[in-house]
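Visitor: Got a structure for you, written out below as structure tokens; questions coming shortly.
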Amino acid sequence: MTSQALAQTNIQTPKSKIPFRALAMPLALLAIFVWFAVQSSAFLSSRNLSMLAIEVSITAVLALGMFLIILPGHIDLSAGSGVGLIGGLAAVLVFEHAWPAPLAILVGVVAAAIIWLAMGSIIVRERVPAFIITLGGLLVFRGLHWLVIHNATVPVSRGGEVNLYSMLTTYYLPPIEGYLLAAGVVIALTTVRWAEYRRRQAAGNDGEQIFLTTFVAAQLLFLFVLICNAYRGVPLPALVLGVVAFLVYTLTTQTPFGRYLYAIGGNEEAAIVSGVPVAKVTTCAFLLMGLIVAITGFLQTAYSGASTTTVGSLMELDAVAACVIGGTSLKGGRGTVGGVLLGALIMAALLNGMTLLAVSPESKYIARGLVLALAVWADVRLSKR
Amino acid sequence: MASRRGKLFTENKLPFLAMNVLLSAEGLVKLFPGVKALDGVSFDLRAGELHALCGENGAGKSTLIKTLSGIHPAGSYEGVLRMGEREVAFANSKEAELAGIGVIYQELALVPEMTVAENIFLGNEPKRFGGLLIDWDRVYRESKTLLDRFGLEIDPAAKVQDLGVGHRQLVEIAKALSKESRILILDEPTAALTEQEVDVLLDMLRDLKKRGMALVYISHKLDEVFAVADRITVLRDGKSITTLDAAETDKNEVIRHMVGRSIEDLFPRRVGKVGELKLEVKNLSVKHDGKTRLREISLEVRAGEVLGIGGLMGAGRSELLMHLFGAYGSRISGEVNLNGTPLTAKSRPTDCIRRGLAVVSEDRKRYGLVLDQSIGFNMALSSLGEVTRHGLIQKQPEEERNGNYFRSLRVKAPGLSTGVGTLSGGNQQKVVLAKALMTGPQVVFLDEPTRGIDVGAKLEVYELVNRLTDEGKAVVLVSSELPELMGMSDRIVMLADGQIGGTFTKTEATQEKLLAAAMGKTN
């Protein structure tokens with residue numbers, strides 16, 4: 001699937017560290033899949049894989065937002081609460097005030113944009129650590145969320161009717177369209193990679209690896225569509241993730257904004273002296289995070305069917321874990337979109353498998369915590385070299 | 001302490017061993033990626049002598065000290081270290097310290113918030129009640145004894161932050177002595193001291209010699225060297241060139257050995273055509289952290305001209321550059337014009353770069369480079385707009401442009417994707433220079449552009465300065481090395497304590513005049 005493609009197309013990371021990480025994480029993922037498949041035959045059923053695709057997509061979208069915050073060396077602990085709040089706000093507007101779903105969603109997006117812009121500005125201008133501001137945000141947004149939904153269960157549509165909000169996680173792309181879309185993506189990818197190959201050839205560099213990665217990516221993409229089509233087709237959240245991942249990938253690898261994120265995280269003082277508009281770039285990263293929190297909020301709430309007090313809870317930690325597992329340095333300045341997607345896949349597969357095996361909630365908490373701690377420990381060890 | 005083993009050799013052909021050699025190094029070779037920092041250094045140190053190490057920046061002095069003191073552990077270099085006749089291999093600096101080698105570095109290693117006595121015994125505190133509690137009485141009593149022994153009127157209970165730089169330096173030495181070192185290595189101990197403080201320090205060193213200690217002394221200031229040294233070893237390009245008896249040589253001979261060529265070849269400044277006014281600073285005063293750091297500074301630089309700025313450490317040289325660049329302090333008063341239009345107090349580095357000002361800062365690891373990233377990433381960082389179309393960076397033009405600078409500045413590295421953290425100082429500096437030049441500047445600030453880079457790379461930096469002025473750009477060169485300042489500047493402004501201490505043309509400037517101006521003595 002796309003995550004694999006992006007993992008291998010990335011050429012930004014220093015070469016020395018790639019072999020270990022590039023192999024270790026896919027192997028860990030494979031081990032997780034094999035383990036759950038052996039434990040429960042339902043794990044590899046097309047229905048569960050389809051569910052997993054939705055869950056991965058939601059986790060990964062938020063993790064990509066977190067990636068934009070961690071790259072310049074910050075962190076957002078309020079993301080999970082924000083997911084609950086924005087999703088709940090839109091649900092209340094639709095269910096209790098009978099607003100059309102698109103309008104409710106728009107209001108949610110604008111609200112999130114304003115809130116995260118404000119947090120970003122405080123962090124940049126007043127030099128309050130992001131850790132503290134967003135920790136405050138975590139509590140404030142949770143409180144607001146519960147206030148907005150009056151501690152009740154607020155469905156995302158009235159009387160079971162279908163609207164844009166509820167469709168977010170119930171719409172599946174029909175099989176034919178799924179294949180057509182995959183074919184289109186593969187053609188576009190090949191074109192871009194061909195140009196890259198020619199450029200490297202012209203520069204006298206070896207470009208063979210490009211063909212291999214493109215080929216593998218295309219295979220995985222078709223395999224993914226095939227699996228999804230065995231159930232109902234490609235779920236909408238997977239398309240949302242595809243778009244978000246493409247945008248974040250382009251942003252971080254192809255634009256000055258992305259370079260600046262890496263530079264700020266790598267050495268903020270040098271970035272300032274190099275003329276990087278540090279304040280503007282960092283604030284902008286938070287603004288983007290706001291938009292992504294809103295998108296995740298709608299997806300996660302729609303997936304639950306209703307806004308409840310637990311929607312979004314602890315999602316920020318899964319997002320951070322996904323980033324770190326995928327090789328993003330918590331100090332900033334290092335990481336790739338491909339790695340983050342892989343990390344999200346590992347986190348989501350773990351949660352999905354444990355739910356399937358009816359693991360008790362207390363054990364799930366412990367497992368999540370251990371994975372997070374382990375990932376950060378590995379990050380610290382690896383950054384020391 | 002005085003061993004008699006050396007006597008055995010008095011009849012031999014190795015009479016110098018009779019002089020009680022405490023520490024010797026033979027054929028030291030130390031490699032860094034891309035640079036041979038030491039390339040066959042031999043050196044010996046006798047009890048009761050002060051042995052000066054002379055050499056330009058990059059000659060290998062610091063590397064030699066770090067090798068002698070265990071910072072570069074055994075195994076990371078070739079060659080043999082001996083203490084007496086015993087071969088030693090220090091795994092770390094602690095082992096060297098235990099063997100009696102104390103080092104006082106250029107950058108002071110005292111904790112400003114602690115008292116003098118606390119600092120002296122830091123990490124080495126006398127304990128009581130079986131090691132449970134620190135014996136504070138002893139800490140202060142022994143500190144007092146130690147300070148008194150050298151006639152230092154420093155209160156052991158004073159906070160280090162309340163002492164002047166000179167006194168801090170003396171506290172450092174006292175600290176090293178509290179560890180009962182037999183060998184003391186001093187790296188540029190007088191760099192930040194006033195003349196008076198230097199005298200106190202030199203007296204202290206003479207006293208230590210009499211007590212049989214062996215001292216290694218590194219200084220650029222040859223007057224000081226000749227005032228206290230018994231022998232002088234000259235290093236150049238990582239090699240020990242010669243060892244001279246101080247009594248039988250003179251400054252000129254030492255300089256000749258240090259440089260290995262005449263001074264004109266060393267600073268190949270070509271004076272160009274001086275054009276219109278590029279940068280004008282009028283009565284600039286700046287405060288930072290509530291203190292006035294720069295007072296009433298006025299200066300101007302024209303196209304094709306190099307303005308040198310000198311001064312002692314803390315005189316405000318870098319602060320001036322960084323303020324003009326929008327990255328330091330806030331303006332109390334004054335006016336700055338760049339290319340005839342005002343540069344306001346609100347201008348940030350981003351604006352300054354757009355307006356044609358570029359800075360190569362003094363601390364390239366801190367302010368110059370993103371060390372995790374590649375050469376190409378760092379080179380292009382300040383001028384990504386040039387290669388961006390429709391919001392996307394165009395890889396091909398970017399790489400071509402990076403490649404051009406990579407070649408024209410002769411960066412020695414496998415390629416543009418090589419991590420900048422793996423390069424030698426000189427090559428890193430070239431990457432920082434490339435980054436600054438790629439912004440297409442009109443005025444270039446070079447803050448200590450040759451610090452810590454080898455002689456070959458230095459010459460390339462000087463050539464670059466010539467090229468810039470030939471192209472009609474204005475250069476402001478900050479340097480703490482007077483020969484470089486005098487050799488490469490067309491005019492020189494000396495700063496003293498945040499004010500202008502004197503302005504000199506190239507022909508007026510002599511080391512003595514510049515130093516006097518740096519001390520704030522008007523001429």
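Just so we're on the same page: first chain in the structure tokens is A, next is B, and so on; residues restart at 1 for each chain, and ligands are numbered from 1 in the order they show up.
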Please identify which residues in segment 29-276 of chain B DSSP calls strand (DSSP E) from the backbone, and express them as a PyMOL selection string.

Guide: chain B and resi 29-32+35-46+50-54+78-83+86-88+101-104+127-128+133-134+183-187+214-218+231-236+239-245

Visitor: For chain B against chain A, which residues fall within 9 Å using only C-alpha atoms, given as a ChimeraX atom specification?

Guide: /B:322,325-327,348-354,358-361,364-374,377-378,381-385,388,391-396,417-419,435-436

Visitor: Please produce a file of those selected residues containing N, CA and C atoms, as a compact mmCIF listing (two decimals), in the first residue's frame.

Guide:
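Final output, result08.txt:
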```
# COMPACT_ATOMS: atom_id res chain seq x y z
N MET B 322 25.66 40.64 15.19
CA MET B 322 24.38 39.96 15.33
C MET B 322 23.25 40.96 15.54
N PHE B 325 22.26 42.28 12.27
CA PHE B 325 21.61 41.21 11.53
C PHE B 325 20.22 40.88 12.12
N GLY B 326 19.87 41.59 13.20
CA GLY B 326 18.53 41.40 13.75
C GLY B 326 18.40 40.20 14.66
N ALA B 327 19.52 39.73 15.19
CA ALA B 327 19.44 38.52 16.01
C ALA B 327 20.00 38.73 17.41
N ARG B 348 14.40 41.37 11.08
CA ARG B 348 14.84 40.05 11.51
C ARG B 348 15.84 39.51 10.48
N PRO B 349 16.56 38.44 10.85
CA PRO B 349 17.52 37.88 9.90
C PRO B 349 16.91 37.62 8.51
N THR B 350 15.67 37.14 8.50
CA THR B 350 15.02 36.87 7.22
C THR B 350 14.99 38.12 6.34
N ASP B 351 14.63 39.28 6.96
CA ASP B 351 14.57 40.53 6.20
C ASP B 351 15.97 40.95 5.77
N CYS B 352 16.93 40.83 6.70
CA CYS B 352 18.29 41.28 6.41
C CYS B 352 18.87 40.52 5.23
N ILE B 353 18.63 39.22 5.19
CA ILE B 353 19.15 38.42 4.08
C ILE B 353 18.51 38.88 2.78
N ARG B 354 17.22 39.14 2.81
CA ARG B 354 16.53 39.60 1.61
C ARG B 354 17.10 40.95 1.16
N ALA B 358 24.58 39.24 4.63
CA ALA B 358 24.79 37.83 4.95
C ALA B 358 25.79 37.72 6.09
N VAL B 359 25.60 36.72 6.94
CA VAL B 359 26.47 36.55 8.10
C VAL B 359 27.07 35.14 8.10
N VAL B 360 28.36 35.10 8.34
CA VAL B 360 28.99 33.81 8.65
C VAL B 360 29.38 33.93 10.11
N SER B 361 28.69 33.18 10.98
CA SER B 361 28.84 33.45 12.40
C SER B 361 30.06 32.74 12.96
N ARG B 364 30.27 28.04 14.19
CA ARG B 364 29.55 27.47 13.06
C ARG B 364 28.71 26.27 13.45
N LYS B 365 29.09 25.55 14.51
CA LYS B 365 28.28 24.41 14.91
C LYS B 365 26.98 24.87 15.54
N ARG B 366 27.03 26.00 16.24
CA ARG B 366 25.84 26.46 16.93
C ARG B 366 24.94 27.29 16.03
N TYR B 367 25.54 28.23 15.30
CA TYR B 367 24.73 29.16 14.52
C TYR B 367 24.79 28.92 13.02
N GLY B 368 25.69 28.02 12.60
CA GLY B 368 25.90 27.92 11.16
C GLY B 368 25.27 26.72 10.49
N LEU B 369 25.28 25.59 11.19
CA LEU B 369 24.96 24.36 10.48
C LEU B 369 23.87 23.55 11.17
N VAL B 370 23.10 22.84 10.35
CA VAL B 370 22.22 21.80 10.87
C VAL B 370 23.01 20.51 10.68
N LEU B 371 23.67 20.08 11.77
CA LEU B 371 24.70 19.04 11.64
C LEU B 371 24.17 17.68 11.18
N ASP B 372 22.89 17.40 11.50
CA ASP B 372 22.31 16.13 11.08
C ASP B 372 22.11 16.03 9.58
N GLN B 373 22.07 17.19 8.92
CA GLN B 373 21.66 17.20 7.52
C GLN B 373 22.85 17.22 6.57
N SER B 374 22.54 17.12 5.28
CA SER B 374 23.59 16.99 4.28
C SER B 374 24.22 18.35 3.94
N PHE B 377 21.67 20.34 1.79
CA PHE B 377 20.60 20.91 2.62
C PHE B 377 21.07 22.21 3.25
N ASN B 378 22.26 22.17 3.85
CA ASN B 378 22.78 23.35 4.55
C ASN B 378 23.12 24.49 3.59
N LEU B 381 19.95 26.35 2.38
CA LEU B 381 18.93 26.71 3.37
C LEU B 381 18.52 28.18 3.35
N SER B 382 19.48 29.08 3.13
CA SER B 382 19.15 30.51 3.22
C SER B 382 18.55 31.06 1.93
N SER B 383 18.61 30.30 0.85
CA SER B 383 18.20 30.86 -0.43
C SER B 383 17.32 29.89 -1.20
N LEU B 384 16.43 29.21 -0.48
CA LEU B 384 15.57 28.23 -1.15
C LEU B 384 14.61 28.90 -2.12
N GLY B 385 14.28 30.17 -1.85
CA GLY B 385 13.37 30.88 -2.74
C GLY B 385 13.87 30.91 -4.17
N THR B 388 12.79 27.74 -6.01
CA THR B 388 11.43 27.28 -5.79
C THR B 388 10.50 27.85 -6.86
N GLY B 391 5.86 27.01 -5.42
CA GLY B 391 5.89 26.45 -4.07
C GLY B 391 6.71 25.19 -3.92
N LEU B 392 7.21 24.63 -5.01
CA LEU B 392 7.99 23.39 -4.90
C LEU B 392 9.45 23.66 -5.22
N ILE B 393 10.33 23.01 -4.45
CA ILE B 393 11.76 23.14 -4.70
C ILE B 393 12.10 22.34 -5.95
N GLN B 394 12.75 22.98 -6.89
CA GLN B 394 13.14 22.30 -8.13
C GLN B 394 14.49 21.63 -7.90
N LYS B 395 14.47 20.31 -7.83
CA LYS B 395 15.66 19.56 -7.42
C LYS B 395 16.85 19.80 -8.35
N GLN B 396 16.57 19.83 -9.65
CA GLN B 396 17.69 19.90 -10.58
C GLN B 396 18.45 21.23 -10.50
N SER B 417 25.41 14.96 -0.79
CA SER B 417 24.53 14.30 0.17
C SER B 417 25.29 13.82 1.41
N THR B 418 26.60 14.11 1.46
CA THR B 418 27.38 13.75 2.65
C THR B 418 26.90 14.58 3.85
N GLY B 419 26.79 13.94 4.99
CA GLY B 419 26.37 14.65 6.20
C GLY B 419 27.40 15.71 6.56
N LYS B 435 26.56 28.93 1.93
CA LYS B 435 25.18 29.28 2.28
C LYS B 435 24.99 30.79 2.27
N ALA B 436 25.97 31.50 2.84
CA ALA B 436 25.87 32.96 2.89
C ALA B 436 25.98 33.56 1.49
```

Visitor: Quick one: residues within 9 Å of Ile104 of chain B, only C-alpha atoms counted, chain neighbours fewer than 6 positions away excluded, as a list of chain:residue names?

Guide: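 After dropping sequence-adjacent residues, the list is B:Gln169, B:Glu172, B:Ile173, B:Ala176, B:Leu184, B:Ile185, B:Leu186, B:Asp187, B:Glu188, B:Pro189.
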
Visitor: Put those residues in a file: C-alpha atoms, as an mmCIF file, in the first residue's frame.

Guide:
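Everything below was put into out-v4.cif:
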```cif
data_model
loop_
_atom_site.group_PDB
_atom_site.id
_atom_site.type_symbol
_atom_site.label_atom_id
_atom_site.label_comp_id
_atom_site.auth_asym_id
_atom_site.auth_seq_id
_atom_site.Cartn_x
_atom_site.Cartn_y
_atom_site.Cartn_z
ATOM 1 C CA GLN B 169 41.236 32.052 35.505
ATOM 2 C CA GLU B 172 40.720 27.500 37.643
ATOM 3 C CA ILE B 173 44.409 27.100 38.281
ATOM 4 C CA ALA B 176 43.778 22.167 39.120
ATOM 5 C CA LEU B 184 49.657 21.713 34.326
ATOM 6 C CA ILE B 185 48.616 22.499 30.773
ATOM 7 C CA LEU B 186 47.322 26.009 30.119
ATOM 8 C CA ASP B 187 45.515 26.697 26.849
ATOM 9 C CA GLU B 188 45.496 30.432 26.056
ATOM 10 C CA PRO B 189 45.040 31.371 29.701
#
```

Visitor: Extract, using only C-alpha atoms, all DNA, RNA and protein residues at most 8 Å from Ala53 of chain A, discarding same-chain residues fewer than 3 positions from it, and format them as number ranges by chain.

Guide: A: 49-50, 56-57, 235, 238

Visitor: With C-alpha atoms retained, write the just-selected residues as a compact mmCIF listing (two decimals), in the first residue's frame.

Guide:
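Final output, out29.txt:
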```txt
# COMPACT_ATOMS: atom_id res chain seq x y z
CA LEU A 49 -8.64 -6.18 7.37
CA SER A 50 -11.11 -3.62 6.06
CA VAL A 56 -4.87 2.62 10.47
CA SER A 57 -6.04 5.51 8.33
CA PRO A 235 -12.92 2.55 2.57
CA ALA A 238 -8.01 5.19 3.29
```

Visitor: Need the shell around Gly75 of chain B: protein/DNA/RNA residues with any atom at most 12 Å away, counting only C-alpha atoms. Skip same-chain ones fewer than 6 positions apart. Format as a ChimeraX atom specification?

Guide: /B:28-31,67,81,88-92
